[in-house]
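First up is the structure itself, then whatever we jot down about it.
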2 protein chains.
Amino acid sequence: MESKVIDKMISIVGKDYVIDDIEQKMSYFYDEIEHTMRPKANEDSIVVKPKDTDEISMIMKYANKNNLTVVIRGGGTGLSGACTPIRESIILSTERFNKIIEIDEDNMVAVLEAGVTLFQLLEELGKYEGTGFPVHPGDEGAQIGGMAVTNAGGARAVKHGVMRKHIQGMEVVLPNGEVLELGGKLLKNNAGYNLMQLIIGSEGTLAVVTKVVLKIYPKDKYSATIVAPFKNFNDASNAVLQILKSGVTPLAVEYQDKHLFVETAKMLGTEWQANEGNADLMIIISEKTEDLLYETCRQINDICIKNNSYETLFAGKKSEQDELLLIRSQHYEYIKDIIGHSFDTAVPVADIPAYLKDLKDLANEYNTFTNITAHIADGNIHSDIVLVDGEMPNYAEELKERIFKTCFKYNGTITGEHGIGKLRKKDLKLQKSETEINLMKGIKKLFDPNNILNPGTIFD
Amino acid sequence: MESKVIDKMISIVGKDYVIDDIEQKMSYFYDEIEHTMRPKANEDSIVVKPKDTDEISMIMKYANKNNLTVVIRGGGTGLSGACTPIRESIILSTERFNKIIEIDEDNMVAVLEAGVTLFQLLEELGKYEGTGFPVHPGDEGAQIGGMAVTNAGGARAVKHGVMRKHIQGMEVVLPNGEVLELGGKLLKNNAGYNLMQLIIGSEGTLAVVTKVVLKIYPKDKYSATIVAPFKNFNDASNAVLQILKSGVTPLAVEYQDKHLFVETAKMLGTEWQANEGNADLMIIISEKTEDLLYETCRQINDICIKNNSYETLFAGKKSEQDELLLIRSQHYEYIKDIIGHSFDTAVPVADIPAYLKDLKDLANEYNTFTNITAHIADGNIHSDIVLVDGEMPNYAEELKERIFKTCFKYNGTITGEHGIGKLRKKDLKLQKSETEINLMKGIKKLFDPNNILNPGTIFD
């Protein structure tokens with residue numbers, strides 16, 4: 001990076017908060033995407049750590065005037081490479097921008113700087129009796145700003161939906177440095193086009209989100225986890241559809257290929273208790289009262305049994321539930337060394353059985369296999385292309401395209417929750433018409449005429 | 001309208017579906033806005049009633065090529081004049097576009113043509129045991145397309161939120177006639193900028209919505225209504241905040257000035273049962289089981305009593321509940337002849353007591369009064385400026401602006417649910433920065449470069 005840019009950045013945020021040392025800045029280049037998939041960072045980029053909206057505004061103004069690329073970096077927990085600077089960039093890290101401005105219990109909202117982590121938020125809400133925030137993308141190092149611009153999802157979307165449903169207001173800095181207040185503590189607000197909804201999911205390409213007004217909720221105090229083992233996937237899937245129709249709503253319904261449960265448990269020095277069957281559902285239930293919890297569990301259990309499940313396992317104690325959740329979340333450690341490419345497709349939930357069969361058939365056709373974990377009640381499937389002798393197989397691109405085409409057969413999407421980032425921009429063209437992509441590009445140009453904000457994300 | 005345009009329209013939709021007779025087309029000019037507030041329709045406009053997406057696409061293509069104005073008309077139940085053609089226009093009525101394409105119980109979605117009315121949808125869902133759709137803007141003549149583009153709200157938003165939360169997919173026709181599919185039956189979908197969210201709330205200015213994929217839900221089977229009379233509004237308001245924090249969520253919490261309940265009941269030949277107090281809440285509760293219903297009622301009742309309510313009235317029978325709801329909904333008949341201007345402001349729910357006091361004080365200052373009805377748990381207030389001797393008072397404009405400024409003091413919005421339409425476009429500039437409005441205008445230009453679609457709505 002040119003020294004005059006570095007000097008300017010130092011003049012705005014102070015010497016301690018501009019990083020040009022390669023060792024130090026290295027950890028700001030990538031997100032949690034697999035090494036085999038990640039875009040290459042431009043190492044001439046520098047890291048700048050503003051402390052407030054004013055500093056961000058000054059940085060953007062200068063960058064815009066001088067056509068400098070700015071890439072925003074939140075918690076770095078993304079899975080699509082959006083925060084990797086592929087051009088020489090100012091990496092704008094929001095880590096110092098982490099004040100919990102207000103927990104407003106009367107309006108049941110939290111006002112947060114973008115760099116507040118999910119962990120920080122949940123810890124703070126713990127001090128207010130009975131309040132919580134439901135969206136949980138898995139990694140509590142995720143920052144609220146990042147969760148907003150990626151419209152984060154996660155397992156709990158079954159009951160609570162994705163981030164979009166919980167954001168009431170935002171402060172953003174436009175690429176030209178102007179500050180906009182969008183929405184607020186309002187539950188109803190229909191004044192003109194909703195620019196905030198457009199920025200949610202825009203992956204840091206339209207504006208820098210600096211503050212978020214987030215709805216908080218009375219917390220469900222009681223939870224339990226049911227493991228329901230089914231003979232086959234169709235039965236498991238039918239149970240899911242009937243649960244969703246029944247009127248009882250679980251917090252999460254997770255599916256994983258049996259071997260992932262079994263082997264991950266082994267890796268963790270424990271044992272997967274569901275011996276029977278080939279298709280296990282992990283159903284997490286949370287309710288406000290104990291009575292309600294048991295009633296919901298009873299109903300879900302009945303539905304599973306009616307759909308030919310083997311005897312279900314019930315975990316009511318926190319320690320038991322935590323162990324199950326650990327097995328669910330740590331499966332990645334078990335498979336990560338063999339993953340070449342991982343998918344985040346989503347299809348209508350009723351099409352899951354057919355889609356899963358297609359995925360397995362496709363893998364067979366290439367003499368390989370795929371590991372499937374799914375937020376099954378959301379229709380959101382994570383599958384993969386596995387490495388062959390540690391190398392990306394030569395059929396990878398072809399198989400990827402066939403998987404997407406299979407997904408489109410069910411009117412699915414190439415990304416349910418991880419976003420396009422730099423990883424899927426070519427694939428986006430398979431899903432969207434030129435007209436729609438051109439409208440998106442027009443919007444990008446409107447917000448960011450000089451294309452300085454995270455270019456090469458979503459589209460080139 | 002030029003005869004060659006009429007001929008072209010006839011060639012597209014057929015002779016029976018183009019209306020140029022003034023008597024007949026008159027009923028297509030206005031929505032349900034008060035006569036004192038409504039914009040003047042251009043009577044040279046014609047009504048065209050296409051039957052499907054193809055015909056709509058052909059109409060738009062022709063209009064775009066020839067710079068003809070098109071105004072979409074749904075159920076005509078709006079309250080902001082958006083559907084009134086202020087220029088010579090083709091009024092595109094969606095009334096024939098009213099097929100329920102699919103009730104998909106597996107995915108729990110309804111796929112609907114835009115002209116399907118809420119009445120039609122609810123009637124159809126009645127045939128599927130236990131399914132329902134929760135958003136209810138009051139008038140069941142509202143069409144789904146209109147409800148989508150206005151992001152309709154209504155009383156039940158307390159429990160279920162507004163339309164935006166329930167729309168999963170759309171088919172739209174762009175002003176140039178191109179057809180776009182947005183979203184689908186997907187619960188998670190993060191593929192690029194969410195144009196659908198932008199179209200929701202755009203009031204027919206960006207695209208013609210032709211189909212909507214709507215989430216449907218297991219229906220709450222049990223309901224009850226509590227009327228809680230409070231000595232004063234502050235107590236009532238505190239009760240509302242505590243209910244919202246408690247974790248039990250009523251379907252609706254409605255407030256009306258006491259005299260509106262009393263006089264409307266009288267007008268309907270009955271009597272308002274809550275004699276004591278000056279501030280009555282009507283709290284509607286719906287739950288999936290009878291046990292849960294009574295438990296929720298008990299908790300809400302306790303909170304009301306704790307906040308000094310007089311003895312609450314409980315209506316459990318459908319007929320009793322219907323009577324209460326009728327009194328709530330018919331108040332408008334009681335006051336409609338004296339209303340000069342009606343408001344739809346919203347503020348953070350905790351600011352309602354202060355804001356209401358300000359509204360009453362302002363009215364006093366002008367030696368007048370205001371009728372207040374509120375979706376109080378949403379922070380959404382409907383107040384009014386009353387006529388003086390049947391005429392709009394000369395202070396109306398001044399008072400209106402002062403009411404908006406008061407609303408902004410609480411970071412409120414000029415419209416919680418009714419939208420900007422043609423009524424509030426001047427006022428929008430009071431609320432939004434020039435930068436934000438310019439971004440909106442840029443988006444309009446991107447979708448509709450020739451400004452043919454409902455011009456003069458939201459902004460000029």
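Ordering of the structure tokens sets the chain letters (A, B, ...), residue numbers begin anew at 1 in every chain, and ligands are numbered from 1 in the order given.
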At most 7 Å is the cut-off: for each residue in chain B with any atom that close to an atom of chain A, write down the nearest atom pair and the distance in Å rounded to one decimal, counting only C-alpha atoms, chain first then increasing number, as a Markdown table.
```
| residue | atom | partner | partner_atom | distance |
| --- | --- | --- | --- | --- |
| B:Asp106 | CA | A:Ala350 | CA | 5.7 |
| B:Asn107 | CA | A:Ala350 | CA | 5.7 |
| B:Lys165 | CA | A:Lys165 | CA | 6.6 |
| B:Lys185 | CA | A:Pro348 | CA | 5.3 |
| B:Leu186 | CA | A:Pro348 | CA | 5.1 |
| B:Leu187 | CA | A:Asp378 | CA | 5.5 |
| B:Lys188 | CA | A:Gly416 | CA | 4.6 |
| B:Asn189 | CA | A:Gly416 | CA | 4.2 |
| B:Asn190 | CA | A:Gly419 | CA | 5.1 |
| B:Ala191 | CA | A:Thr415 | CA | 5.8 |
| B:Gly192 | CA | A:Ile458 | CA | 6.2 |
| B:Tyr193 | CA | A:Ser202 | CA | 5.5 |
| B:Asn194 | CA | A:Leu198 | CA | 6.0 |
| B:Gln197 | CA | A:Gln197 | CA | 6.0 |
| B:Leu198 | CA | A:Asn194 | CA | 6.0 |
| B:Gly201 | CA | A:Tyr193 | CA | 6.2 |
| B:Ser202 | CA | A:Tyr193 | CA | 5.5 |
| B:Pro218 | CA | A:Gly247 | CA | 5.0 |
| B:Leu241 | CA | A:Asp106 | CA | 6.2 |
| B:Lys245 | CA | A:Pro218 | CA | 6.0 |
| B:Ser246 | CA | A:Pro218 | CA | 6.5 |
| B:Gly247 | CA | A:Pro218 | CA | 5.0 |
| B:Ala346 | CA | A:Lys188 | CA | 6.7 |
| B:Val347 | CA | A:Leu186 | CA | 6.0 |
| B:Pro348 | CA | A:Leu186 | CA | 5.1 |
| B:Val349 | CA | A:Asn107 | CA | 6.0 |
| B:Ala350 | CA | A:Asn107 | CA | 5.7 |
| B:Asp378 | CA | A:Leu187 | CA | 5.5 |
| B:Gly379 | CA | A:Leu187 | CA | 6.9 |
| B:Asn380 | CA | A:Lys188 | CA | 6.9 |
| B:Thr413 | CA | A:Asn189 | CA | 6.2 |
| B:Ile414 | CA | A:Ala191 | CA | 6.9 |
| B:Thr415 | CA | A:Asn190 | CA | 5.6 |
| B:Gly416 | CA | A:Asn189 | CA | 4.2 |
| B:Glu417 | CA | A:Asn190 | CA | 5.6 |
| B:Gly419 | CA | A:Asn190 | CA | 5.1 |
| B:Ile420 | CA | A:Ala191 | CA | 6.0 |
| B:Leu428 | CA | A:Ala191 | CA | 6.9 |
| B:Met440 | CA | A:Tyr193 | CA | 6.2 |
| B:Gly442 | CA | A:Leu446 | CA | 6.6 |
| B:Ile443 | CA | A:Ile443 | CA | 6.8 |
| B:Leu446 | CA | A:Gly442 | CA | 6.6 |
| B:Ile458 | CA | A:Gly192 | CA | 6.2 |
```
Shell of 12 Å around Ser93 (chain B), only C-alpha atoms, local chain residues under 2 positions omitted, as a VMD selection string: chain B and resid 13 17 to 19 25 27 to 29 46 to 52 55 to 56 59 70 to 76 83 to 84 89 to 91 95 to 98 114 to 116 143 145 to 146 208 to 210
Surrounding residues of Phe230 (chain A) excluding itself and chain neighbours under 3 positions, 10 Å, only C-alpha atoms, as a list in words: Val227, Phe233, Asn234, Asp235, Ala236, Ser237, Ala239, Ala274, Glu276, Gly277, Asn278, Ala279, Asp280, Leu281, Cys304, Ile305, Asn307, Asn308, Ser309, Tyr310, Glu311 and Thr312 of chain A
For Thr370 (chain B), find every residue with an atom within 8 Å (counting only C-alpha atoms), except residues of its own chain fewer than 6 positions away, and show them as a ChimeraX atom specification. /B:359-360,363,383-386
Those of region 39-187 of chain B in DSSP strand (DSSP E), formatted as a PyMOL selection string: chain B and resi 46-48+69-73+89-93+100-104+109-113+131-132+167-173+179-183
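What separates CA of Tyr30 (chain B) from CA of Gln256 (chain B) is a distance of 27.3 Å.
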Give me the residues within 7 Å of Asn176 (chain B) as a list in words, counting only C-alpha atoms and dropping any in the same chain fewer than 3 places off. Met60, Lys61 and Asn64 of chain B
So which residues touch Leu112 (chain A) within 6 Å, counting only C-alpha atoms, skipping near sequence neighbours fewer than 5 positions away, as a PyMOL selection string? chain A and resi 100-101+211-212
Sel. of helix (DSSP H, G or I) residues, region 172-299 of chain B, as a short mmCIF file (atom, residue, chain, number, x, y, z; two decimals) with N, CA and C atoms, in the first residue's frame:
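Output contents, as saved in result_9.cif:
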```
data_model
loop_
_atom_site.label_atom_id
_atom_site.label_comp_id
_atom_site.auth_asym_id
_atom_site.auth_seq_id
_atom_site.Cartn_x
_atom_site.Cartn_y
_atom_site.Cartn_z
N LEU B 195 -34.05 -8.52 -4.04
CA LEU B 195 -34.91 -7.57 -4.75
C LEU B 195 -36.36 -7.69 -4.27
N MET B 196 -36.74 -8.89 -3.85
CA MET B 196 -38.10 -9.10 -3.38
C MET B 196 -38.40 -8.22 -2.16
N GLN B 197 -37.43 -8.16 -1.25
CA GLN B 197 -37.63 -7.33 -0.06
C GLN B 197 -37.76 -5.86 -0.43
N LEU B 198 -37.12 -5.48 -1.52
CA LEU B 198 -37.21 -4.10 -1.98
C LEU B 198 -38.59 -3.83 -2.58
N ILE B 199 -39.13 -4.80 -3.26
CA ILE B 199 -40.44 -4.63 -3.89
C ILE B 199 -41.55 -4.63 -2.84
N PHE B 233 -54.04 6.40 31.01
CA PHE B 233 -53.34 5.80 29.90
C PHE B 233 -51.96 5.27 30.29
N ASN B 234 -51.30 5.93 31.23
CA ASN B 234 -49.97 5.48 31.63
C ASN B 234 -50.00 4.07 32.19
N ASP B 235 -50.97 3.81 33.03
CA ASP B 235 -51.10 2.45 33.57
C ASP B 235 -51.34 1.43 32.46
N ALA B 236 -52.24 1.80 31.56
CA ALA B 236 -52.55 0.90 30.44
C ALA B 236 -51.28 0.61 29.64
N SER B 237 -50.52 1.67 29.40
CA SER B 237 -49.32 1.54 28.59
C SER B 237 -48.25 0.70 29.31
N ASN B 238 -48.11 0.91 30.61
CA ASN B 238 -47.16 0.08 31.36
C ASN B 238 -47.55 -1.39 31.31
N ALA B 239 -48.84 -1.64 31.39
CA ALA B 239 -49.31 -3.04 31.29
C ALA B 239 -48.88 -3.63 29.95
N VAL B 240 -49.03 -2.85 28.88
CA VAL B 240 -48.65 -3.35 27.55
C VAL B 240 -47.17 -3.71 27.51
N LEU B 241 -46.32 -2.81 28.02
CA LEU B 241 -44.88 -3.09 28.00
C LEU B 241 -44.56 -4.36 28.78
N GLN B 242 -45.22 -4.52 29.92
CA GLN B 242 -44.94 -5.71 30.73
C GLN B 242 -45.46 -6.99 30.08
N ILE B 243 -46.57 -6.88 29.39
CA ILE B 243 -47.06 -8.06 28.65
C ILE B 243 -46.03 -8.45 27.58
N LEU B 244 -45.54 -7.46 26.84
CA LEU B 244 -44.59 -7.75 25.77
C LEU B 244 -43.31 -8.38 26.30
N LYS B 245 -42.94 -8.00 27.51
CA LYS B 245 -41.72 -8.52 28.11
C LYS B 245 -41.92 -9.89 28.75
N SER B 246 -43.19 -10.24 29.00
CA SER B 246 -43.47 -11.41 29.83
C SER B 246 -43.21 -12.73 29.12
N LYS B 258 -61.76 6.15 25.14
CA LYS B 258 -62.97 5.59 25.76
C LYS B 258 -64.26 5.96 25.01
N HIS B 259 -64.36 7.25 24.66
CA HIS B 259 -65.62 7.68 24.04
C HIS B 259 -65.89 6.95 22.72
N LEU B 260 -64.81 6.50 22.05
CA LEU B 260 -65.02 5.78 20.80
C LEU B 260 -65.64 4.40 21.05
N PHE B 261 -65.17 3.73 22.08
CA PHE B 261 -65.78 2.45 22.45
C PHE B 261 -67.25 2.67 22.85
N VAL B 262 -67.46 3.64 23.73
CA VAL B 262 -68.80 3.86 24.28
C VAL B 262 -69.80 4.27 23.19
N GLU B 263 -69.39 5.25 22.39
CA GLU B 263 -70.32 5.79 21.38
C GLU B 263 -70.54 4.81 20.22
N THR B 264 -69.48 4.09 19.85
CA THR B 264 -69.65 3.11 18.77
C THR B 264 -70.61 2.01 19.21
N ALA B 265 -70.45 1.57 20.45
CA ALA B 265 -71.36 0.55 20.98
C ALA B 265 -72.80 1.06 20.91
N LYS B 266 -72.99 2.30 21.35
CA LYS B 266 -74.33 2.91 21.32
C LYS B 266 -74.86 2.92 19.88
N MET B 267 -74.04 3.37 18.96
CA MET B 267 -74.41 3.43 17.56
C MET B 267 -74.85 2.04 17.05
N GLU B 290 -56.52 -25.14 24.58
CA GLU B 290 -57.38 -24.44 25.53
C GLU B 290 -56.61 -24.13 26.81
N ASP B 291 -55.83 -25.10 27.26
CA ASP B 291 -55.03 -24.89 28.47
C ASP B 291 -54.13 -23.67 28.33
N LEU B 292 -53.46 -23.63 27.19
CA LEU B 292 -52.52 -22.55 26.94
C LEU B 292 -53.27 -21.22 26.88
N LEU B 293 -54.45 -21.25 26.28
CA LEU B 293 -55.25 -20.03 26.19
C LEU B 293 -55.55 -19.48 27.58
N TYR B 294 -56.00 -20.36 28.46
CA TYR B 294 -56.36 -19.88 29.79
C TYR B 294 -55.14 -19.44 30.58
N GLU B 295 -54.04 -20.15 30.38
CA GLU B 295 -52.81 -19.77 31.07
C GLU B 295 -52.34 -18.38 30.59
N THR B 296 -52.40 -18.15 29.29
CA THR B 296 -52.00 -16.84 28.75
C THR B 296 -52.93 -15.75 29.26
N CYS B 297 -54.23 -16.02 29.24
CA CYS B 297 -55.20 -15.05 29.74
C CYS B 297 -54.92 -14.73 31.21
N ARG B 298 -54.63 -15.75 31.98
CA ARG B 298 -54.37 -15.56 33.40
C ARG B 298 -53.16 -14.64 33.59
N GLN B 299 -52.10 -14.91 32.83
CA GLN B 299 -50.89 -14.09 32.98
C GLN B 299 -51.15 -12.64 32.57
#
```
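Proximity ranking of B:Glu129, B:Asp7, B:Glu397, B:Glu333 relative to Met37 (chain B) places B:Glu397 first, based on only C-alpha atoms.
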Which is closest to Lys422 (chain A) among A:Ile285, A:Gly456, A:Leu325, A:Leu313, if we use only C-alpha atoms? A:Gly456
In Å, rounded to a single decimal, give me how far CA of Met163 (chain B) is from CA of Val135 (chain B). 6.5 Å
Residues within 7 Å of Tyr255 (chain B), please, as JSON, numbers by chain. Count only C-alpha atoms; anything in the same chain fewer than 3 positions from it doesn't count. {"B": [280, 281, 282, 373, 374, 375, 376]}
Correct to one decimal, the distance CA of Lys40 (chain A)-CA of Leu423 (chain A) is 11.1 Å
